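Data file: final-v6.pdb. Format and content: PDB, C-alpha atoms, pLDDT in the B column.
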```
ATOM      1  CA  MET A  11     -16.096   9.773-120.830  1.00 80.00           C
ATOM      2  CA  LEU A  12     -19.831   9.410-120.329  1.00 81.00           C
ATOM      3  CA  SER A  13     -19.271   6.596-117.890  1.00 86.00           C
ATOM      4  CA  ASN A  14     -16.717   8.788-116.125  1.00 85.00           C
ATOM      5  CA  LEU A  15     -19.249  11.607-115.810  1.00 84.00           C
ATOM      6  CA  LEU A  16     -21.814   9.121-114.555  1.00 83.00           C
ATOM      7  CA  LYS A  17     -19.394   7.864-111.882  1.00 88.00           C
ATOM      8  CA  GLN A  18     -18.583  11.447-110.791  1.00 89.00           C
ATOM      9  CA  HIS A  19     -22.283  12.252-110.649  1.00 88.00           C
ATOM     10  CA  GLN A  20     -22.958   9.141-108.549  1.00 91.00           C
ATOM     11  CA  VAL A  21     -20.043   9.970-106.227  1.00 90.00           C
ATOM     12  CA  ARG A  22     -21.331  13.553-105.756  1.00 91.00           C
ATOM     13  CA  GLN A  23     -24.862  12.294-105.293  1.00 93.00           C
ATOM     14  CA  GLN A  24     -23.643   9.779-102.688  1.00 93.00           C
ATOM     15  CA  ALA A  25     -21.695  12.556-100.892  1.00 92.00           C
ATOM     16  CA  ARG A  26     -24.789  14.800-100.886  1.00 92.00           C
ATOM     17  CA  LYS A  27     -26.866  11.909 -99.563  1.00 93.00           C
ATOM     18  CA  GLU A  28     -24.390  11.343 -96.726  1.00 93.00           C
ATOM     19  CA  VAL A  29     -24.327  15.058 -95.889  1.00 93.00           C
ATOM     20  CA  GLN A  30     -28.127  15.125 -95.996  1.00 94.00           C
ATOM     21  CA  GLU A  31     -28.305  12.024 -93.744  1.00 94.00           C
ATOM     22  CA  LYS A  32     -25.847  13.614 -91.327  1.00 94.00           C
ATOM     23  CA  ARG A  33     -27.887  16.839 -91.270  1.00 93.00           C
ATOM     24  CA  LYS A  34     -31.088  14.828 -90.785  1.00 93.00           C
ATOM     25  CA  HIS A  35     -29.491  12.939 -87.911  1.00 94.00           C
ATOM     26  CA  ASP A  36     -28.209  16.214 -86.361  1.00 92.00           C
ATOM     27  CA  ALA A  37     -31.684  17.819 -86.732  1.00 92.00           C
ATOM     28  CA  ILE A  38     -33.352  14.835 -85.043  1.00 93.00           C
ATOM     29  CA  ALA A  39     -30.805  14.926 -82.203  1.00 93.00           C
ATOM     30  CA  ALA A  40     -31.262  18.696 -81.774  1.00 91.00           C
ATOM     31  CA  SER A  41     -35.063  18.445 -81.781  1.00 91.00           C
ATOM     32  CA  THR A  42     -34.904  15.577 -79.275  1.00 92.00           C
ATOM     33  CA  ALA A  43     -32.616  17.612 -77.016  1.00 92.00           C
ATOM     34  CA  LEU A  44     -34.937  20.630 -77.331  1.00 89.00           C
ATOM     35  CA  SER A  45     -37.954  18.478 -76.487  1.00 89.00           C
ATOM     36  CA  HIS A  46     -36.196  17.104 -73.415  1.00 90.00           C
ATOM     37  CA  LEU A  47     -35.217  20.607 -72.278  1.00 87.00           C
ATOM     38  CA  LEU A  48     -38.769  21.908 -72.733  1.00 85.00           C
ATOM     39  CA  VAL A  49     -40.262  18.946 -70.886  1.00 84.00           C
ATOM     40  CA  ASP A  50     -37.712  19.308 -68.074  1.00 83.00           C
ATOM     41  CA  HIS A  51     -38.502  23.022 -67.797  1.00 82.00           C
ATOM     42  CA  LEU A  52     -42.239  22.323 -67.628  1.00 79.00           C
ATOM     43  CA  ASN A  53     -41.712  19.471 -65.179  1.00 82.00           C
ATOM     44  CA  ALA A  54     -39.710  21.761 -62.893  1.00 84.00           C
ATOM     45  CA  GLY A  55     -42.685  24.127 -62.698  1.00 81.00           C
ATOM     46  CA  VAL A  56     -45.098  21.269 -62.120  1.00 83.00           C
ATOM     47  CA  ALA A  57     -42.824  19.789 -59.461  1.00 86.00           C
ATOM     48  CA  GLN A  58     -42.656  23.146 -57.672  1.00 88.00           C
ATOM     49  CA  ALA A  59     -46.449  23.463 -57.836  1.00 89.00           C
ATOM     50  CA  TYR A  60     -46.771  19.956 -56.367  1.00 90.00           C
ATOM     51  CA  VAL A  61     -44.362  20.810 -53.533  1.00 92.00           C
ATOM     52  CA  ASN A  62     -46.313  24.006 -52.829  1.00 95.00           C
ATOM     53  CA  GLU A  63     -49.589  22.067 -52.851  1.00 95.00           C
ATOM     54  CA  LYS A  64     -48.215  19.572 -50.309  1.00 96.00           C
ATOM     55  CA  LYS A  65     -47.037  22.435 -48.076  1.00 96.00           C
ATOM     56  CA  LEU A  66     -50.462  24.085 -48.322  1.00 97.00           C
ATOM     57  CA  ASN A  67     -52.205  20.812 -47.458  1.00 97.00           C
ATOM     58  CA  THR A  68     -49.954  20.358 -44.426  1.00 97.00           C
ATOM     59  CA  GLU A  69     -50.533  23.934 -43.275  1.00 97.00           C
ATOM     60  CA  THR A  70     -54.293  23.534 -43.818  1.00 97.00           C
ATOM     61  CA  LYS A  71     -54.383  20.412 -41.653  1.00 97.00           C
ATOM     62  CA  ILE A  72     -52.435  22.181 -38.901  1.00 97.00           C
ATOM     63  CA  LEU A  73     -54.788  25.165 -39.112  1.00 97.00           C
ATOM     64  CA  GLN A  74     -57.840  22.892 -38.909  1.00 97.00           C
ATOM     65  CA  GLU A  75     -56.425  21.125 -35.850  1.00 97.00           C
ATOM     66  CA  ASN A  76     -55.651  24.459 -34.180  1.00 97.00           C
ATOM     67  CA  ALA A  77     -59.145  25.753 -34.969  1.00 97.00           C
ATOM     68  CA  ALA A  78     -60.718  22.611 -33.514  1.00 97.00           C
ATOM     69  CA  GLN A  79     -58.581  22.910 -30.378  1.00 97.00           C
ATOM     70  CA  PHE A  80     -59.502  26.597 -30.057  1.00 97.00           C
ATOM     71  CA  THR A  81     -63.187  25.702 -30.404  1.00 97.00           C
ATOM     72  CA  ARG A  82     -62.906  23.077 -27.652  1.00 97.00           C
ATOM     73  CA  GLN A  83     -61.068  25.512 -25.387  1.00 97.00           C
ATOM     74  CA  THR A  84     -63.648  28.240 -26.042  1.00 97.00           C
ATOM     75  CA  MET A  85     -66.455  25.842 -25.174  1.00 97.00           C
ATOM     76  CA  GLN A  86     -64.692  25.015 -21.891  1.00 97.00           C
ATOM     77  CA  TRP A  87     -64.322  28.719 -21.115  1.00 96.00           C
ATOM     78  CA  LEU A  88     -67.994  29.332 -21.873  1.00 96.00           C
ATOM     79  CA  LYS A  89     -68.963  26.498 -19.528  1.00 96.00           C
ATOM     80  CA  LEU A  90     -66.745  27.937 -16.785  1.00 95.00           C
ATOM     81  CA  VAL A  91     -68.308  31.381 -17.212  1.00 94.00           C
ATOM     82  CA  GLU A  92     -71.787  29.858 -17.164  1.00 94.00           C
ATOM     83  CA  ASP A  93     -70.949  27.919 -13.985  1.00 93.00           C
ATOM     84  CA  LEU A  94     -69.569  31.110 -12.422  1.00 89.00           C
ATOM     85  CA  ASN A  95     -72.766  32.993 -13.280  1.00 88.00           C
ATOM     86  CA  THR A  96     -74.852  30.207 -11.773  1.00 89.00           C
ATOM     87  CA  SER A  97     -72.743  30.292  -8.587  1.00 86.00           C
ATOM     88  CA  LEU A  98     -73.052  34.057  -8.354  1.00 81.00           C
ATOM     89  CA  LYS A  99     -76.832  33.792  -8.708  1.00 83.00           C
ATOM     90  CA  GLU A 100     -76.887  31.164  -5.971  1.00 83.00           C
ATOM     91  CA  ILE A 101     -74.811  33.422  -3.717  1.00 81.00           C
ATOM     92  CA  GLY A 102     -77.264  36.224  -4.420  1.00 79.00           C
ATOM     93  CA  ASP A 103     -80.150  33.912  -3.550  1.00 80.00           C
ATOM     94  CA  VAL A 104     -78.464  32.899  -0.261  1.00 79.00           C
ATOM     95  CA  GLU A 105     -77.824  36.576   0.545  1.00 83.00           C
ATOM     96  CA  ASN A 106     -81.487  37.438  -0.048  1.00 84.00           C
ATOM     97  CA  TRP A 107     -82.555  34.449   2.069  1.00 84.00           C
ATOM     98  CA  ALA A 108     -80.201  35.566   4.875  1.00 85.00           C
ATOM     99  CA  LYS A 109     -81.575  39.109   4.756  1.00 88.00           C
ATOM    100  CA  SER A 110     -85.106  37.752   4.878  1.00 89.00           C
ATOM    101  CA  ILE A 111     -84.256  35.593   7.912  1.00 89.00           C
ATOM    102  CA  GLU A 112     -82.543  38.580   9.574  1.00 91.00           C
ATOM    103  CA  THR A 113     -85.616  40.741   9.038  1.00 93.00           C
ATOM    104  CA  ASP A 114     -87.863  38.011  10.436  1.00 89.00           C
ATOM    105  CA  MET A 115     -85.566  37.593  13.469  1.00 92.00           C
ATOM    106  CA  ARG A 116     -85.614  41.341  14.159  1.00 92.00           C
ATOM    107  CA  THR A 117     -89.371  41.324  13.931  1.00 93.00           C
ATOM    108  CA  ILE A 118     -89.570  38.398  16.374  1.00 91.00           C
ATOM    109  CA  SER A 119     -87.008  40.051  18.661  1.00 90.00           C
ATOM    110  CA  SER A 120     -88.958  43.311  18.656  1.00 90.00           C
ATOM    111  CA  ALA A 121     -92.184  41.441  19.370  1.00 88.00           C
ATOM    112  CA  LEU A 122     -90.565  39.556  22.279  1.00 87.00           C
ATOM    113  CA  GLU A 123     -89.130  42.802  23.691  1.00 87.00           C
ATOM    114  CA  TYR A 124     -92.497  44.455  23.431  1.00 85.00           C
ATOM    115  CA  ALA A 125     -94.188  41.488  25.078  1.00 83.00           C
ATOM    116  CA  TYR A 126     -91.587  41.437  27.862  1.00 80.00           C
ATOM    117  CA  ARG A 127     -92.045  45.166  28.556  1.00 83.00           C
ATOM    118  CA  LYS A 128     -95.773  44.777  28.627  1.00 80.00           C
ATOM    119  CA  SER A 129     -95.532  41.966  31.137  1.00 74.00           C
ATOM    120  CA  GLU A 130     -93.427  43.951  33.579  1.00 69.00           C
TER     121      GLU A 130
END
```
Write-out of the structure in structure tokens:
Amino acid sequence: MLSNLLKQHQVRQQARKEVQEKRKHDAIAASTALSHLLVDHLNAGVAQAYVNEKKLNTETKILQENAAQFTRQTMQWLKLVEDLNTSLKEIGDVENWAKSIETDMRTISSALEYAYRKSE
């Protein structure tokens, strides 16, 4: 009878051990699955941040190129305006020179007329 009780105890103990092993195995599998889900969730956020960073870098490069092109174009416009101002000043100088010549010619013409009248 004692040996019978011992065998029953060992059988129950073996059954409990198997149940405990199965539960341990299920717990490890569940924790592994949870870990994978958490890592995947975090990786999705990191991947989205990386994609956004690449888009921002691309947009930044485009903006820098556009700004550089705008700067070059502005410098060309400033040179054109400066050249126009210089030309306008030169035209003004020629106009003043022409007026000065005209005044001198009128003076000479008046002097010649006066001299011609005096000689008559």
Do you have the atom CA of A:Trp87-atom CA of A:Leu73 distance handy?
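Result for atom CA of A:Trp87 versus atom CA of A:Leu73: 20.7 Å, one decimal.
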Atom CA of A:Arg22 to atom CA of A:Thr42: how many Å, to one decimal?
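Separating atom CA of A:Arg22 from atom CA of A:Thr42 is a distance of 29.8 Å.
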In Å, with one decimal, what is the gap from atom CA of A:Gln18 to atom CA of A:Glu31?
19.6 Å
Extract stretch 16-32 of chain A from the coordinates I pasted, and write it as a compact mmCIF listing (two decimals), in the first residue's frame (atoms kept: all heavy atoms).
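Final output, out-v2.txt:
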```
# COMPACT_ATOMS: atom_id res chain seq x y z
N LEU A 16 3.19 5.76 -2.99
CA LEU A 16 4.39 6.38 -3.53
C LEU A 16 4.30 6.49 -5.05
O LEU A 16 4.63 7.52 -5.64
CB LEU A 16 5.64 5.56 -3.14
CG LEU A 16 6.97 6.13 -3.62
CD1 LEU A 16 7.23 7.50 -3.02
CD2 LEU A 16 8.09 5.17 -3.29
N LYS A 17 3.82 5.43 -5.71
CA LYS A 17 3.66 5.46 -7.17
C LYS A 17 2.64 6.51 -7.58
O LYS A 17 2.86 7.26 -8.54
CB LYS A 17 3.23 4.09 -7.68
CG LYS A 17 4.35 3.10 -7.74
CD LYS A 17 3.85 1.81 -8.34
CE LYS A 17 4.97 0.79 -8.31
NZ LYS A 17 4.58 -0.47 -8.91
N GLN A 18 1.53 6.61 -6.86
CA GLN A 18 0.50 7.62 -7.18
C GLN A 18 1.06 9.02 -7.00
O GLN A 18 0.82 9.93 -7.81
CB GLN A 18 -0.73 7.44 -6.29
CG GLN A 18 -1.57 6.25 -6.62
CD GLN A 18 -2.71 6.09 -5.62
OE1 GLN A 18 -2.81 6.83 -4.64
NE2 GLN A 18 -3.57 5.10 -5.88
N HIS A 19 1.82 9.19 -5.92
CA HIS A 19 2.44 10.49 -5.66
C HIS A 19 3.41 10.86 -6.79
O HIS A 19 3.42 12.00 -7.27
CB HIS A 19 3.15 10.45 -4.30
CG HIS A 19 3.95 11.70 -4.03
ND1 HIS A 19 3.34 12.90 -3.75
CD2 HIS A 19 5.28 11.92 -4.00
CE1 HIS A 19 4.29 13.82 -3.57
NE2 HIS A 19 5.49 13.23 -3.70
N GLN A 20 4.20 9.89 -7.21
CA GLN A 20 5.17 10.14 -8.29
C GLN A 20 4.46 10.43 -9.61
O GLN A 20 4.88 11.30 -10.37
CB GLN A 20 6.11 8.93 -8.44
CG GLN A 20 7.11 8.81 -7.32
CD GLN A 20 7.95 7.53 -7.41
OE1 GLN A 20 7.62 6.62 -8.17
NE2 GLN A 20 9.03 7.50 -6.64
N VAL A 21 3.34 9.73 -9.86
CA VAL A 21 2.58 9.96 -11.09
C VAL A 21 2.01 11.38 -11.07
O VAL A 21 2.06 12.12 -12.04
CB VAL A 21 1.48 8.90 -11.26
CG1 VAL A 21 0.49 9.29 -12.34
CG2 VAL A 21 2.09 7.56 -11.57
N ARG A 22 1.42 11.78 -9.91
CA ARG A 22 0.84 13.13 -9.79
C ARG A 22 1.95 14.19 -9.90
O ARG A 22 1.77 15.23 -10.53
CB ARG A 22 0.11 13.28 -8.45
CG ARG A 22 -1.30 12.73 -8.54
CD ARG A 22 -2.08 13.01 -7.27
NE ARG A 22 -1.97 11.82 -6.45
CZ ARG A 22 -1.83 11.77 -5.14
NH1 ARG A 22 -1.82 12.85 -4.44
NH2 ARG A 22 -1.72 10.63 -4.51
N GLN A 23 3.06 13.90 -9.27
CA GLN A 23 4.18 14.84 -9.32
C GLN A 23 4.67 14.99 -10.76
O GLN A 23 4.96 16.09 -11.22
CB GLN A 23 5.30 14.36 -8.40
CG GLN A 23 6.29 15.43 -8.08
CD GLN A 23 7.29 14.98 -7.03
OE1 GLN A 23 7.43 13.79 -6.73
NE2 GLN A 23 7.98 15.94 -6.45
N GLN A 24 4.76 13.88 -11.48
CA GLN A 24 5.19 13.90 -12.88
C GLN A 24 4.18 14.69 -13.72
O GLN A 24 4.56 15.49 -14.58
CB GLN A 24 5.35 12.47 -13.42
CG GLN A 24 5.88 12.40 -14.84
CD GLN A 24 7.28 12.98 -14.97
OE1 GLN A 24 8.10 12.93 -14.04
NE2 GLN A 24 7.56 13.57 -16.12
N ALA A 25 2.88 14.50 -13.46
CA ALA A 25 1.83 15.22 -14.20
C ALA A 25 1.93 16.71 -13.92
O ALA A 25 1.81 17.54 -14.83
CB ALA A 25 0.46 14.67 -13.82
N ARG A 26 2.15 17.08 -12.64
CA ARG A 26 2.30 18.50 -12.29
C ARG A 26 3.54 19.09 -12.98
O ARG A 26 3.52 20.22 -13.43
CB ARG A 26 2.43 18.66 -10.78
CG ARG A 26 1.13 18.57 -10.08
CD ARG A 26 1.29 18.95 -8.60
NE ARG A 26 0.19 18.37 -7.86
CZ ARG A 26 0.30 17.67 -6.74
NH1 ARG A 26 1.48 17.49 -6.19
NH2 ARG A 26 -0.76 17.18 -6.14
N LYS A 27 4.61 18.31 -13.02
CA LYS A 27 5.84 18.77 -13.66
C LYS A 27 5.59 19.04 -15.14
O LYS A 27 6.05 20.04 -15.69
CB LYS A 27 6.91 17.69 -13.49
CG LYS A 27 8.27 18.22 -13.17
CD LYS A 27 9.24 17.06 -13.10
CE LYS A 27 10.21 17.31 -11.96
NZ LYS A 27 11.22 16.28 -11.86
N GLU A 28 4.86 18.14 -15.80
CA GLU A 28 4.57 18.30 -17.22
C GLU A 28 3.69 19.53 -17.45
O GLU A 28 3.91 20.31 -18.38
CB GLU A 28 3.90 17.03 -17.75
CG GLU A 28 4.84 15.85 -17.89
CD GLU A 28 4.12 14.56 -18.28
OE1 GLU A 28 2.90 14.60 -18.55
OE2 GLU A 28 4.80 13.53 -18.34
N VAL A 29 2.68 19.70 -16.57
CA VAL A 29 1.81 20.88 -16.69
C VAL A 29 2.64 22.14 -16.48
O VAL A 29 2.49 23.14 -17.20
CB VAL A 29 0.63 20.78 -15.68
CG1 VAL A 29 -0.10 22.11 -15.58
CG2 VAL A 29 -0.32 19.67 -16.08
N GLN A 30 3.51 22.10 -15.47
CA GLN A 30 4.36 23.26 -15.17
C GLN A 30 5.29 23.55 -16.35
O GLN A 30 5.49 24.70 -16.72
CB GLN A 30 5.15 23.00 -13.89
CG GLN A 30 5.88 24.21 -13.39
CD GLN A 30 6.57 23.95 -12.05
OE1 GLN A 30 6.61 22.83 -11.56
NE2 GLN A 30 7.10 25.00 -11.47
N GLU A 31 5.88 22.51 -16.95
CA GLU A 31 6.75 22.67 -18.11
C GLU A 31 5.98 23.28 -19.28
O GLU A 31 6.47 24.16 -19.97
CB GLU A 31 7.33 21.33 -18.55
CG GLU A 31 8.67 20.92 -18.02
CD GLU A 31 9.76 21.97 -18.11
OE1 GLU A 31 10.07 22.49 -19.21
OE2 GLU A 31 10.33 22.28 -17.06
N LYS A 32 4.74 22.76 -19.47
CA LYS A 32 3.91 23.28 -20.56
C LYS A 32 3.60 24.76 -20.33
O LYS A 32 3.69 25.58 -21.23
CB LYS A 32 2.63 22.47 -20.69
CG LYS A 32 1.77 22.90 -21.88
CD LYS A 32 0.54 22.05 -22.00
CE LYS A 32 -0.31 22.41 -23.19
NZ LYS A 32 -0.60 23.78 -23.40
```
